[in-house]
>>> print(open('input_27.cif').read())   # mmCIF, C-alpha atoms and all ligand atoms
data_protein
loop_
_atom_site.group_PDB
_atom_site.id
_atom_site.type_symbol
_atom_site.label_atom_id
_atom_site.label_comp_id
_atom_site.auth_asym_id
_atom_site.auth_seq_id
_atom_site.Cartn_x
_atom_site.Cartn_y
_atom_site.Cartn_z
ATOM 1 C CA GLU A 1 46.881 -6.483 -20.633
ATOM 2 C CA LYS A 2 43.155 -7.048 -20.574
ATOM 3 C CA LEU A 3 40.779 -5.161 -18.316
ATOM 4 C CA VAL A 4 39.266 -7.123 -15.477
ATOM 5 C CA THR A 5 35.477 -7.412 -15.767
ATOM 6 C CA VAL A 6 32.682 -9.098 -13.843
ATOM 7 C CA GLN A 7 33.033 -11.980 -16.345
ATOM 8 C CA THR A 8 36.724 -12.369 -15.503
ATOM 9 C CA LEU A 9 35.833 -12.757 -11.832
ATOM 10 C CA ARG A 10 32.996 -15.244 -12.460
ATOM 11 C CA LYS A 11 35.347 -17.313 -14.614
ATOM 12 C CA MET A 12 37.940 -17.281 -11.848
ATOM 13 C CA LYS A 13 35.348 -18.502 -9.347
ATOM 14 C CA ALA A 14 34.334 -21.299 -11.736
ATOM 15 C CA ASN A 15 37.992 -22.327 -12.142
ATOM 16 C CA GLY A 16 38.691 -22.184 -8.408
ATOM 17 C CA GLU A 17 41.258 -19.455 -8.998
ATOM 18 C CA LYS A 18 41.543 -16.904 -6.159
ATOM 19 C CA PHE A 19 41.495 -13.204 -6.944
ATOM 20 C CA ILE A 20 42.777 -10.224 -5.007
ATOM 21 C CA THR A 21 41.142 -7.030 -3.814
ATOM 22 C CA VAL A 22 42.888 -4.130 -2.096
ATOM 23 C CA ALA A 23 41.021 -1.275 -0.442
ATOM 24 C CA LEU A 24 42.932 1.880 -1.369
ATOM 25 C CA TYR A 25 42.244 5.541 -1.849
ATOM 26 C CA ASP A 26 44.662 7.414 -4.080
ATOM 27 C CA ALA A 27 46.272 7.459 -7.533
ATOM 28 C CA PRO A 28 49.818 6.231 -6.714
ATOM 29 C CA MET A 29 48.587 3.244 -4.687
ATOM 30 C CA ALA A 30 46.040 2.472 -7.408
ATOM 31 C CA ALA A 31 48.854 2.534 -9.985
ATOM 32 C CA MET A 32 50.979 0.247 -7.811
ATOM 33 C CA ALA A 33 48.075 -2.217 -7.483
ATOM 34 C CA GLN A 34 47.659 -2.214 -11.265
ATOM 35 C CA LYS A 35 51.372 -2.934 -11.739
ATOM 36 C CA THR A 36 51.278 -5.885 -9.342
ATOM 37 C CA GLY A 37 48.261 -7.460 -11.074
ATOM 38 C CA VAL A 38 45.611 -6.924 -8.411
ATOM 39 C CA GLU A 39 42.288 -7.843 -10.066
ATOM 40 C CA THR A 40 40.017 -5.467 -8.179
ATOM 41 C CA VAL A 41 40.482 -2.349 -6.091
ATOM 42 C CA LEU A 42 37.955 -1.011 -3.626
ATOM 43 C CA VAL A 43 37.645 2.650 -2.818
ATOM 44 C CA GLY A 44 36.299 1.818 0.615
ATOM 45 C CA ASP A 45 34.473 4.185 2.900
ATOM 46 C CA SER A 46 37.046 2.900 5.400
ATOM 47 C CA LEU A 47 38.854 6.003 4.097
ATOM 48 C CA GLY A 48 36.898 7.897 6.745
ATOM 49 C CA MET A 49 39.005 6.105 9.345
ATOM 50 C CA THR A 50 42.215 5.287 7.418
ATOM 51 C CA VAL A 51 42.868 8.674 5.827
ATOM 52 C CA LEU A 52 40.429 11.226 7.243
ATOM 53 C CA GLY A 53 40.728 10.458 10.960
ATOM 54 C CA TYR A 54 37.085 9.776 11.869
ATOM 55 C CA ASP A 55 36.402 7.025 14.389
ATOM 56 C CA SER A 56 33.835 5.268 12.177
ATOM 57 C CA THR A 57 32.644 5.277 8.549
ATOM 58 C CA VAL A 58 29.373 6.982 9.487
ATOM 59 C CA PRO A 59 30.530 10.586 8.736
ATOM 60 C CA VAL A 60 31.775 9.793 5.191
ATOM 61 C CA THR A 61 30.013 11.811 2.468
ATOM 62 C CA MET A 62 29.268 11.328 -1.239
ATOM 63 C CA GLU A 63 31.639 14.195 -2.043
ATOM 64 C CA GLN A 64 34.521 12.471 -0.231
ATOM 65 C CA MET A 65 33.825 9.150 -1.969
ATOM 66 C CA ILE A 66 33.669 10.821 -5.388
ATOM 67 C CA TYR A 67 36.943 12.703 -4.771
ATOM 68 C CA HIS A 68 38.749 9.430 -3.958
ATOM 69 C CA VAL A 69 37.084 7.310 -6.680
ATOM 70 C CA GLU A 70 38.241 9.907 -9.236
ATOM 71 C CA ALA A 71 41.811 9.751 -7.893
ATOM 72 C CA VAL A 72 41.901 5.940 -7.991
ATOM 73 C CA ALA A 73 40.385 5.851 -11.481
ATOM 74 C CA ARG A 74 43.122 8.210 -12.720
ATOM 75 C CA GLY A 75 45.810 5.902 -11.302
ATOM 76 C CA ASN A 76 44.478 2.542 -12.447
ATOM 77 C CA LYS A 77 43.193 1.571 -15.910
ATOM 78 C CA LYS A 78 43.246 -2.239 -15.558
ATOM 79 C CA SER A 79 41.689 -3.387 -12.300
ATOM 80 C CA LEU A 80 37.952 -3.463 -11.701
ATOM 81 C CA ILE A 81 37.222 -0.437 -9.483
ATOM 82 C CA MET A 82 34.546 -0.719 -6.798
ATOM 83 C CA GLY A 83 33.252 2.324 -4.956
ATOM 84 C CA ASP A 84 31.567 2.186 -1.579
ATOM 85 C CA MET A 85 28.283 3.988 -1.159
ATOM 86 C CA PRO A 86 28.454 5.922 2.121
ATOM 87 C CA PHE A 87 26.178 5.756 5.143
ATOM 88 C CA MET A 88 22.493 6.427 4.382
ATOM 89 C CA THR A 89 22.975 7.183 0.674
ATOM 90 C CA TYR A 90 21.072 4.024 -0.346
ATOM 91 C CA ALA A 91 18.289 3.903 2.243
ATOM 92 C CA THR A 92 15.704 3.572 -0.553
ATOM 93 C CA PRO A 93 16.133 2.084 -4.055
ATOM 94 C CA GLU A 94 15.499 5.499 -5.671
ATOM 95 C CA GLN A 95 18.095 7.216 -3.503
ATOM 96 C CA ALA A 96 20.528 4.376 -4.265
ATOM 97 C CA LEU A 97 20.020 4.862 -8.005
ATOM 98 C CA THR A 98 20.735 8.595 -7.831
ATOM 99 C CA ASN A 99 23.852 8.196 -5.690
ATOM 100 C CA ALA A 100 25.214 5.067 -7.435
ATOM 101 C CA THR A 101 25.018 7.002 -10.711
ATOM 102 C CA ARG A 102 27.401 9.608 -9.262
ATOM 103 C CA ILE A 103 29.878 6.957 -8.022
ATOM 104 C CA MET A 104 29.858 5.295 -11.463
ATOM 105 C CA GLN A 105 30.326 8.628 -13.240
ATOM 106 C CA ALA A 106 33.324 9.329 -10.981
ATOM 107 C CA GLY A 107 35.011 6.260 -12.497
ATOM 108 C CA ALA A 108 33.842 3.191 -10.549
ATOM 109 C CA HIS A 109 32.816 0.010 -12.374
ATOM 110 C CA MET A 110 30.711 -1.283 -9.491
ATOM 111 C CA VAL A 111 29.190 0.059 -6.271
ATOM 112 C CA LYS A 112 29.209 -1.633 -2.874
ATOM 113 C CA ILE A 113 26.384 -1.491 -0.328
ATOM 114 C CA GLU A 114 26.117 -2.968 3.164
ATOM 115 C CA GLY A 115 23.132 -5.052 4.212
ATOM 116 C CA GLY A 116 20.931 -8.116 3.770
ATOM 117 C CA ALA A 117 17.468 -8.970 2.474
ATOM 118 C CA TRP A 118 16.204 -5.394 2.775
ATOM 119 C CA LEU A 119 18.577 -4.496 -0.109
ATOM 120 C CA ALA A 120 17.220 -7.062 -2.587
ATOM 121 C CA ASP A 121 14.994 -4.484 -4.342
ATOM 122 C CA THR A 122 17.893 -2.027 -4.479
ATOM 123 C CA VAL A 123 20.221 -4.625 -6.000
ATOM 124 C CA LYS A 124 17.587 -5.400 -8.632
ATOM 125 C CA MET A 125 16.957 -1.704 -9.310
ATOM 126 C CA LEU A 126 20.668 -0.992 -9.868
ATOM 127 C CA THR A 127 21.687 -4.146 -11.739
ATOM 128 C CA ASP A 128 18.627 -4.037 -14.063
ATOM 129 C CA ARG A 129 19.795 -0.560 -15.064
ATOM 130 C CA GLY A 130 23.398 -1.577 -15.699
ATOM 131 C CA ILE A 131 25.101 -0.742 -12.413
ATOM 132 C CA PRO A 132 26.972 -3.769 -11.040
ATOM 133 C CA VAL A 133 26.616 -4.261 -7.291
ATOM 134 C CA CYS A 134 28.857 -5.766 -4.631
ATOM 135 C CA ALA A 135 26.884 -6.692 -1.532
ATOM 136 C CA HIS A 136 28.462 -6.777 1.952
ATOM 137 C CA LEU A 137 27.365 -9.040 4.833
ATOM 138 C CA GLY A 138 28.704 -9.979 8.266
ATOM 139 C CA LEU A 139 30.354 -7.079 10.032
ATOM 140 C CA THR A 140 28.911 -4.082 8.209
ATOM 141 C CA PRO A 141 30.814 -1.111 9.676
ATOM 142 C CA GLN A 142 28.177 1.514 8.810
ATOM 143 C CA SER A 143 25.927 -0.288 11.337
ATOM 144 C CA VAL A 144 28.550 -0.237 14.116
ATOM 145 C CA HIS A 145 26.264 1.618 16.509
ATOM 146 C CA LYS A 146 23.468 -0.907 15.931
ATOM 147 C CA LEU A 147 25.845 -3.888 16.157
ATOM 148 C CA GLY A 148 27.390 -2.543 19.364
ATOM 149 C CA GLY A 149 30.977 -2.633 18.151
ATOM 150 C CA TYR A 150 33.284 -4.207 15.574
ATOM 151 C CA ARG A 151 32.667 -7.889 16.319
ATOM 152 C CA VAL A 152 32.442 -11.225 14.525
ATOM 153 C CA GLN A 153 28.999 -11.873 13.029
ATOM 154 C CA GLY A 154 27.052 -15.100 12.397
ATOM 155 C CA ARG A 155 28.467 -17.055 15.339
ATOM 156 C CA ASP A 156 25.165 -18.575 16.468
ATOM 157 C CA GLU A 157 23.047 -20.867 14.304
ATOM 158 C CA LYS A 158 20.144 -18.411 13.947
ATOM 159 C CA HIS A 159 22.320 -15.567 12.671
ATOM 160 C CA ALA A 160 24.332 -17.910 10.452
ATOM 161 C CA GLU A 161 21.155 -19.175 8.751
ATOM 162 C CA GLN A 162 19.946 -15.582 8.361
ATOM 163 C CA MET A 163 23.219 -14.566 6.679
ATOM 164 C CA LEU A 164 23.075 -17.548 4.313
ATOM 165 C CA GLU A 165 19.472 -16.666 3.394
ATOM 166 C CA ASP A 166 20.402 -13.026 2.847
ATOM 167 C CA ALA A 167 23.301 -14.024 0.581
ATOM 168 C CA ILE A 168 21.077 -16.253 -1.527
ATOM 169 C CA LEU A 169 18.426 -13.513 -1.840
ATOM 170 C CA LEU A 170 21.006 -10.913 -2.924
ATOM 171 C CA ASP A 171 22.492 -13.405 -5.411
ATOM 172 C CA GLN A 172 19.040 -14.010 -6.890
ATOM 173 C CA ALA A 173 18.389 -10.249 -7.002
ATOM 174 C CA GLY A 174 21.392 -9.940 -9.322
ATOM 175 C CA ALA A 175 24.330 -8.952 -7.093
ATOM 176 C CA ASP A 176 27.711 -9.432 -8.801
ATOM 177 C CA LEU A 177 30.023 -9.864 -5.797
ATOM 178 C CA LEU A 178 29.675 -10.348 -2.059
ATOM 179 C CA VAL A 179 32.038 -9.161 0.674
ATOM 180 C CA LEU A 180 31.953 -11.280 3.842
ATOM 181 C CA GLU A 181 33.581 -9.465 6.762
ATOM 182 C CA CYS A 182 34.419 -11.044 10.131
ATOM 183 C CA VAL A 183 32.459 -14.241 9.605
ATOM 184 C CA PRO A 184 33.395 -17.716 10.932
ATOM 185 C CA SER A 185 35.333 -19.611 8.252
ATOM 186 C CA ALA A 186 32.842 -22.500 8.021
ATOM 187 C CA LEU A 187 29.939 -20.112 7.406
ATOM 188 C CA ALA A 188 31.887 -18.149 4.764
ATOM 189 C CA LYS A 189 32.656 -21.450 3.006
ATOM 190 C CA ARG A 190 28.996 -22.486 3.102
ATOM 191 C CA ILE A 191 27.851 -19.142 1.691
ATOM 192 C CA THR A 192 30.544 -19.215 -1.030
ATOM 193 C CA GLU A 193 29.331 -22.648 -2.161
ATOM 194 C CA SER A 194 25.658 -21.543 -2.097
ATOM 195 C CA VAL A 195 25.812 -18.470 -4.356
ATOM 196 C CA SER A 196 26.732 -17.958 -8.008
ATOM 197 C CA MET A 197 28.450 -14.603 -7.384
ATOM 198 C CA PRO A 198 32.104 -14.647 -6.252
ATOM 199 C CA THR A 199 32.672 -13.941 -2.551
ATOM 200 C CA ILE A 200 35.456 -11.734 -1.150
ATOM 201 C CA GLY A 201 36.496 -12.429 2.419
ATOM 202 C CA ILE A 202 38.088 -10.275 5.104
ATOM 203 C CA GLY A 203 38.371 -12.112 8.383
ATOM 204 C CA ALA A 204 36.327 -14.891 6.751
ATOM 205 C CA GLY A 205 38.847 -17.704 6.285
ATOM 206 C CA ARG A 206 40.569 -19.183 3.243
ATOM 207 C CA ASP A 207 37.536 -20.587 1.410
ATOM 208 C CA THR A 208 36.031 -17.433 -0.074
ATOM 209 C CA ASP A 209 36.676 -16.858 -3.806
ATOM 210 C CA ALA A 210 38.821 -13.802 -3.098
ATOM 211 C CA GLN A 211 40.393 -11.821 -0.260
ATOM 212 C CA VAL A 212 40.399 -8.125 0.523
ATOM 213 C CA LEU A 213 42.704 -6.178 2.839
ATOM 214 C CA VAL A 214 43.008 -2.472 3.513
ATOM 215 C CA ILE A 215 46.252 -0.952 2.172
ATOM 216 C CA ASN A 216 47.005 0.678 5.553
ATOM 217 C CA ASP A 217 46.994 -2.766 7.215
ATOM 218 C CA ILE A 218 49.142 -4.331 4.444
ATOM 219 C CA LEU A 219 51.719 -1.567 4.947
ATOM 220 C CA GLY A 220 51.691 -1.464 8.744
ATOM 221 C CA LEU A 221 50.110 1.994 9.007
ATOM 222 C CA THR A 222 47.416 0.891 11.450
ATOM 223 C CA GLU A 223 48.145 1.403 15.133
ATOM 224 C CA GLN A 224 45.950 -1.434 16.369
ATOM 225 C CA PRO A 225 45.675 -3.748 13.376
ATOM 226 C CA PRO A 226 42.681 -6.112 13.287
ATOM 227 C CA LYS A 227 43.337 -9.834 13.939
ATOM 228 C CA PHE A 228 42.544 -10.757 10.321
ATOM 229 C CA SER A 229 45.093 -8.410 8.739
ATOM 230 C CA LYS A 230 48.793 -8.811 8.079
ATOM 231 C CA ASN A 231 51.661 -6.380 7.622
ATOM 232 C CA PHE A 232 53.293 -7.646 4.401
ATOM 233 C CA LEU A 233 55.747 -4.749 4.213
ATOM 234 C CA VAL A 234 57.949 -6.152 6.999
ATOM 235 C CA GLU A 235 58.947 -9.244 4.990
ATOM 236 C CA ALA A 236 58.758 -7.671 1.556
ATOM 237 C CA GLY A 237 60.802 -4.533 2.186
ATOM 238 C CA ASP A 238 59.015 -2.236 -0.264
ATOM 239 C CA ILE A 239 55.453 -1.393 -1.276
ATOM 240 C CA PRO A 240 55.278 -3.259 -4.632
ATOM 241 C CA GLY A 241 56.880 -6.238 -2.906
ATOM 242 C CA ALA A 242 54.278 -6.141 -0.142
ATOM 243 C CA LEU A 243 51.423 -6.118 -2.666
ATOM 244 C CA ARG A 244 53.006 -8.979 -4.637
ATOM 245 C CA LYS A 245 53.540 -11.011 -1.456
ATOM 246 C CA TYR A 246 49.911 -10.471 -0.367
ATOM 247 C CA ALA A 247 48.605 -11.412 -3.815
ATOM 248 C CA GLY A 248 50.937 -14.410 -4.102
ATOM 249 C CA ASP A 249 50.066 -15.748 -0.658
ATOM 250 C CA VAL A 250 46.331 -15.500 -1.409
ATOM 251 C CA LYS A 251 46.740 -17.284 -4.778
ATOM 252 C CA LEU A 252 48.763 -20.050 -3.082
ATOM 253 C CA GLY A 253 46.142 -20.369 -0.335
ATOM 254 C CA VAL A 254 48.613 -19.583 2.448
ATOM 255 C CA PHE A 255 46.985 -16.278 3.442
ATOM 256 C CA PRO A 256 44.906 -15.961 5.572
ATOM 257 C CA GLU A 257 46.536 -18.236 8.141
ATOM 258 C CA ASP A 258 44.580 -19.814 11.024
ATOM 259 C CA SER A 259 45.663 -16.928 13.266
ATOM 260 C CA HIS A 260 43.783 -14.518 10.940
ATOM 261 C CA THR A 261 40.477 -16.401 10.996
ATOM 262 C CA PHE A 262 37.477 -16.917 13.286
ATOM 263 C CA ASN A 263 35.856 -20.242 14.187
HETATM 264 O O1 LIG B 301 35.634 0.191 3.294
HETATM 265 C C1 LIG B 301 36.322 -0.830 3.126
HETATM 266 O O2 LIG B 301 37.561 -0.786 3.025
HETATM 267 C C2 LIG B 301 35.625 -2.110 3.063
HETATM 268 C C3 LIG B 301 36.421 -3.363 3.023
HETATM 269 C C4 LIG B 301 37.167 -3.613 4.283
HETATM 270 C C5 LIG B 301 35.616 -4.548 2.613
HETATM 271 O O3 LIG B 301 34.421 -2.119 3.022
HETATM 272 NA NA NA B 302 33.412 -0.106 3.422
#
>>> encode(input="input_27.cif", output="C-alpha cells", more="lines below")
Ligand code: KIV
Ligand code: NA
Amino acid sequence: EKLVTVQTLRKMKANGEKFITVALYDAPMAAMAQKTGVETVLVGDSLGMTVLGYDSTVPVTMEQMIYHVEAVARGNKKSLIMGDMPFMTYATPEQALTNATRIMQAGAHMVKIEGGAWLADTVKMLTDRGIPVCAHLGLTPQSVHKLGGYRVQGRDEKHAEQMLEDAILLDQAGADLLVLECVPSALAKRITESVSMPTIGIGAGRDTDAQVLVINDILGLTEQPPKFSKNFLVEAGDIPGALRKYAGDVKLGVFPEDSHTFN
C-alpha cells in the first residue's frame, strides 16, 4: 500500500473524497489505525489530558511530544503523521523552526500549530524550508485561559469574518492542512470552500474535507465526552471495528450527525 502524502490529501479534497484523522499517542493504536486505512494520524498535545492527567494542554513539553511521536512512528508506516507543537514552542518563527525540526526528526511528516494571522510568517518560514504545516483555528486549546473555557468559536459575524480571513492568510502563507475545532457548521463550510488546503473538522459539521476524533473518545475512555464526539466501540464491539465504523461513517457522510454539530 502507498504512503499517504500531502498530495494524496489535496487530491482527495479535489475529488470530494473525505479522509480520516485520529488523534492517538502510542505504537499499538498507531498500528491499528494503519491496518484500518486511516489516512492521517495526529500525535496531539491532547495527550497531556488524555494520557498524562493534566487539566489542560498548557503543561505539555517538547520532550513528551517527541516521546509519543517516536512511539507512533514506530507503529505506523503508512499514514501521514502529524505532530502537535506544544504551548509556547512556536512563539516566534525562529523558535518554531528549531522546535519543528525536532518533531520532524522524531518521525512526524507535518507539524501542527494553533493560531491565526500572527502565524503567517511562521507558516512561511517552516513550509519554505520543507516542513509541512497544519494550522488550527476555532477552539485552540492552548489558549484556554485567554478564551475563558472550552467553547464554540466564531458564533458572531465579527469573529466568523476574522476566522475566514485568518484561514485565507494561512493558506496563502503555504499551510498544508487546517484543523477547525468547535466552529459552527456553516462557517466551517465557508472556510473549506475558500481555501486550497484541505480542512479537518472536529465539532465543525459534515462539510469539512476530513474529520478528526481523539482515540479516547472513539473508545469511550472519556468520562465527560464532548458533544461532538462519539463512542464507536459500543456498536462495533472491538477496537479495529470501532476505527472502521468511524472511518466508514465519515466516508459515507453520516458522521458527524446533527447532534454532534454547532449552529
Ligand atoms: O491535540 C489534539 O488531539 C488536537 C485535535 C483534537 C485536533 O489538536
Ligand atoms: Na492539539
>>> resolve_selection(input="input_27.cif", expression="the PyMOL selection byres (((chain A and resi 134) around 9) and not hetatm)", output="ChimeraX atom specification")
/A:82,84,110-114,123,132-133,135-136,175-179
>>> closest_atom_pairs(input="input_27.cif", of="chain A", to="ligand NA 302 (chain B)", cutoff="9 Å", atoms="all atoms listed in the file", output="JSON lines")
{"residue": "A:Ala23", "atom": "CA", "partner": "B:NA302", "partner_atom": "NA", "distance": 8.6}
{"residue": "A:Leu42", "atom": "CA", "partner": "B:NA302", "partner_atom": "NA", "distance": 8.4}
{"residue": "A:Val43", "atom": "CA", "partner": "B:NA302", "partner_atom": "NA", "distance": 8.0}
{"residue": "A:Gly44", "atom": "CA", "partner": "B:NA302", "partner_atom": "NA", "distance": 4.5}
{"residue": "A:Asp45", "atom": "CA", "partner": "B:NA302", "partner_atom": "NA", "distance": 4.5}
{"residue": "A:Ser46", "atom": "CA", "partner": "B:NA302", "partner_atom": "NA", "distance": 5.1}
{"residue": "A:Leu47", "atom": "CA", "partner": "B:NA302", "partner_atom": "NA", "distance": 8.2}
{"residue": "A:Thr57", "atom": "CA", "partner": "B:NA302", "partner_atom": "NA", "distance": 7.5}
{"residue": "A:Gly83", "atom": "CA", "partner": "B:NA302", "partner_atom": "NA", "distance": 8.7}
{"residue": "A:Asp84", "atom": "CA", "partner": "B:NA302", "partner_atom": "NA", "distance": 5.8}
{"residue": "A:Met85", "atom": "CA", "partner": "B:NA302", "partner_atom": "NA", "distance": 8.0}
{"residue": "A:Pro86", "atom": "CA", "partner": "B:NA302", "partner_atom": "NA", "distance": 7.9}
{"residue": "A:Lys112", "atom": "CA", "partner": "B:NA302", "partner_atom": "NA", "distance": 7.7}
{"residue": "A:Ile113", "atom": "CA", "partner": "B:NA302", "partner_atom": "NA", "distance": 8.1}
{"residue": "A:Glu114", "atom": "CA", "partner": "B:NA302", "partner_atom": "NA", "distance": 7.8}
{"residue": "A:His136", "atom": "CA", "partner": "B:NA302", "partner_atom": "NA", "distance": 8.4}
{"residue": "A:Thr140", "atom": "CA", "partner": "B:NA302", "partner_atom": "NA", "distance": 7.7}
{"residue": "A:Pro141", "atom": "CA", "partner": "B:NA302", "partner_atom": "NA", "distance": 6.8}
{"residue": "A:Gln142", "atom": "CA", "partner": "B:NA302", "partner_atom": "NA", "distance": 7.7}
>>> write_last_selection(input="input_27.cif", atoms="C-alpha atoms", output="JSON list (two decimals), in the frame of the given file")
[["chain", "number", "residue", "atom", "x", "y", "z"],
["A", 23, "ALA", "CA", 41.02, -1.27, -0.44],
["A", 42, "LEU", "CA", 37.96, -1.01, -3.63],
["A", 43, "VAL", "CA", 37.65, 2.65, -2.82],
["A", 44, "GLY", "CA", 36.30, 1.82, 0.62],
["A", 45, "ASP", "CA", 34.47, 4.18, 2.90],
["A", 46, "SER", "CA", 37.05, 2.90, 5.40],
["A", 47, "LEU", "CA", 38.85, 6.00, 4.10],
["A", 57, "THR", "CA", 32.64, 5.28, 8.55],
["A", 83, "GLY", "CA", 33.25, 2.32, -4.96],
["A", 84, "ASP", "CA", 31.57, 2.19, -1.58],
["A", 85, "MET", "CA", 28.28, 3.99, -1.16],
["A", 86, "PRO", "CA", 28.45, 5.92, 2.12],
["A", 112, "LYS", "CA", 29.21, -1.63, -2.87],
["A", 113, "ILE", "CA", 26.38, -1.49, -0.33],
["A", 114, "GLU", "CA", 26.12, -2.97, 3.16],
["A", 136, "HIS", "CA", 28.46, -6.78, 1.95],
["A", 140, "THR", "CA", 28.91, -4.08, 8.21],
["A", 141, "PRO", "CA", 30.81, -1.11, 9.68],
["A", 142, "GLN", "CA", 28.18, 1.51, 8.81]]
>>> closest_residue(input="input_27.cif", among="A:Pro28, A:Pro225, A:Pro93, A:Gly48", to="Val72 in chain A", atoms="all atoms listed in the file")
A:Pro28
>>> closest_residue(input="input_27.cif", among="A:Gly53, A:Gly203, A:Gly149, A:Gly174", to="ligand LIG 301 (chain B)", atoms="all atoms listed in the file")
A:Gly203
>>> closest_residue(input="input_27.cif", among="A:Arg102, A:Gly241, A:Val22, A:Ala27", to="ligand LIG 301 (chain B)", atoms="all atoms listed in the file")
A:Val22
>>> decode(input="input_27.cif", residues="range 238-252 of chain A", atoms="N, CA and C atoms", output="PDB file, in the first residue's frame")
ATOM      1  N   ASP A 238     -15.237  -4.179  19.039  1.00  0.00           N
ATOM      2  CA  ASP A 238     -13.789  -4.242  19.288  1.00  0.00           C
ATOM      3  C   ASP A 238     -13.102  -3.021  18.678  1.00  0.00           C
ATOM      4  N   ILE A 239     -11.820  -2.853  19.006  1.00  0.00           N
ATOM      5  CA  ILE A 239     -11.132  -1.606  18.644  1.00  0.00           C
ATOM      6  C   ILE A 239     -10.974  -1.445  17.121  1.00  0.00           C
ATOM      7  N   PRO A 240     -10.511  -2.478  16.387  1.00  0.00           N
ATOM      8  CA  PRO A 240     -10.439  -2.285  14.924  1.00  0.00           C
ATOM      9  C   PRO A 240     -11.815  -2.005  14.325  1.00  0.00           C
ATOM     10  N   GLY A 241     -12.830  -2.653  14.855  1.00  0.00           N
ATOM     11  CA  GLY A 241     -14.196  -2.410  14.386  1.00  0.00           C
ATOM     12  C   GLY A 241     -14.632  -0.974  14.626  1.00  0.00           C
ATOM     13  N   ALA A 242     -14.274  -0.436  15.785  1.00  0.00           N
ATOM     14  CA  ALA A 242     -14.638   0.944  16.110  1.00  0.00           C
ATOM     15  C   ALA A 242     -13.968   1.924  15.153  1.00  0.00           C
ATOM     16  N   LEU A 243     -12.687   1.677  14.853  1.00  0.00           N
ATOM     17  CA  LEU A 243     -11.980   2.561  13.910  1.00  0.00           C
ATOM     18  C   LEU A 243     -12.579   2.455  12.511  1.00  0.00           C
ATOM     19  N   ARG A 244     -12.907   1.221  12.097  1.00  0.00           N
ATOM     20  CA  ARG A 244     -13.517   1.043  10.761  1.00  0.00           C
ATOM     21  C   ARG A 244     -14.887   1.698  10.671  1.00  0.00           C
ATOM     22  N   LYS A 245     -15.664   1.609  11.758  1.00  0.00           N
ATOM     23  CA  LYS A 245     -17.002   2.211  11.776  1.00  0.00           C
ATOM     24  C   LYS A 245     -16.886   3.738  11.707  1.00  0.00           C
ATOM     25  N   TYR A 246     -15.977   4.304  12.485  1.00  0.00           N
ATOM     26  CA  TYR A 246     -15.740   5.762  12.444  1.00  0.00           C
ATOM     27  C   TYR A 246     -15.339   6.187  11.031  1.00  0.00           C
ATOM     28  N   ALA A 247     -14.347   5.500  10.468  1.00  0.00           N
ATOM     29  CA  ALA A 247     -13.873   5.856   9.130  1.00  0.00           C
ATOM     30  C   ALA A 247     -14.991   5.694   8.098  1.00  0.00           C
ATOM     31  N   GLY A 248     -15.716   4.594   8.174  1.00  0.00           N
ATOM     32  CA  GLY A 248     -16.787   4.326   7.214  1.00  0.00           C
ATOM     33  C   GLY A 248     -17.894   5.356   7.303  1.00  0.00           C
ATOM     34  N   ASP A 249     -18.274   5.721   8.526  1.00  0.00           N
ATOM     35  CA  ASP A 249     -19.350   6.700   8.698  1.00  0.00           C
ATOM     36  C   ASP A 249     -18.945   8.083   8.197  1.00  0.00           C
ATOM     37  N   VAL A 250     -17.657   8.433   8.352  1.00  0.00           N
ATOM     38  CA  VAL A 250     -17.190   9.723   7.818  1.00  0.00           C
ATOM     39  C   VAL A 250     -17.220   9.684   6.288  1.00  0.00           C
ATOM     40  N   LYS A 251     -16.721   8.592   5.701  1.00  0.00           N
ATOM     41  CA  LYS A 251     -16.675   8.494   4.223  1.00  0.00           C
ATOM     42  C   LYS A 251     -18.079   8.553   3.637  1.00  0.00           C
ATOM     43  N   LEU A 252     -19.051   7.937   4.343  1.00  0.00           N
ATOM     44  CA  LEU A 252     -20.440   7.932   3.863  1.00  0.00           C
ATOM     45  C   LEU A 252     -21.153   9.260   4.146  1.00  0.00           C
TER      46      LEU A 252
END
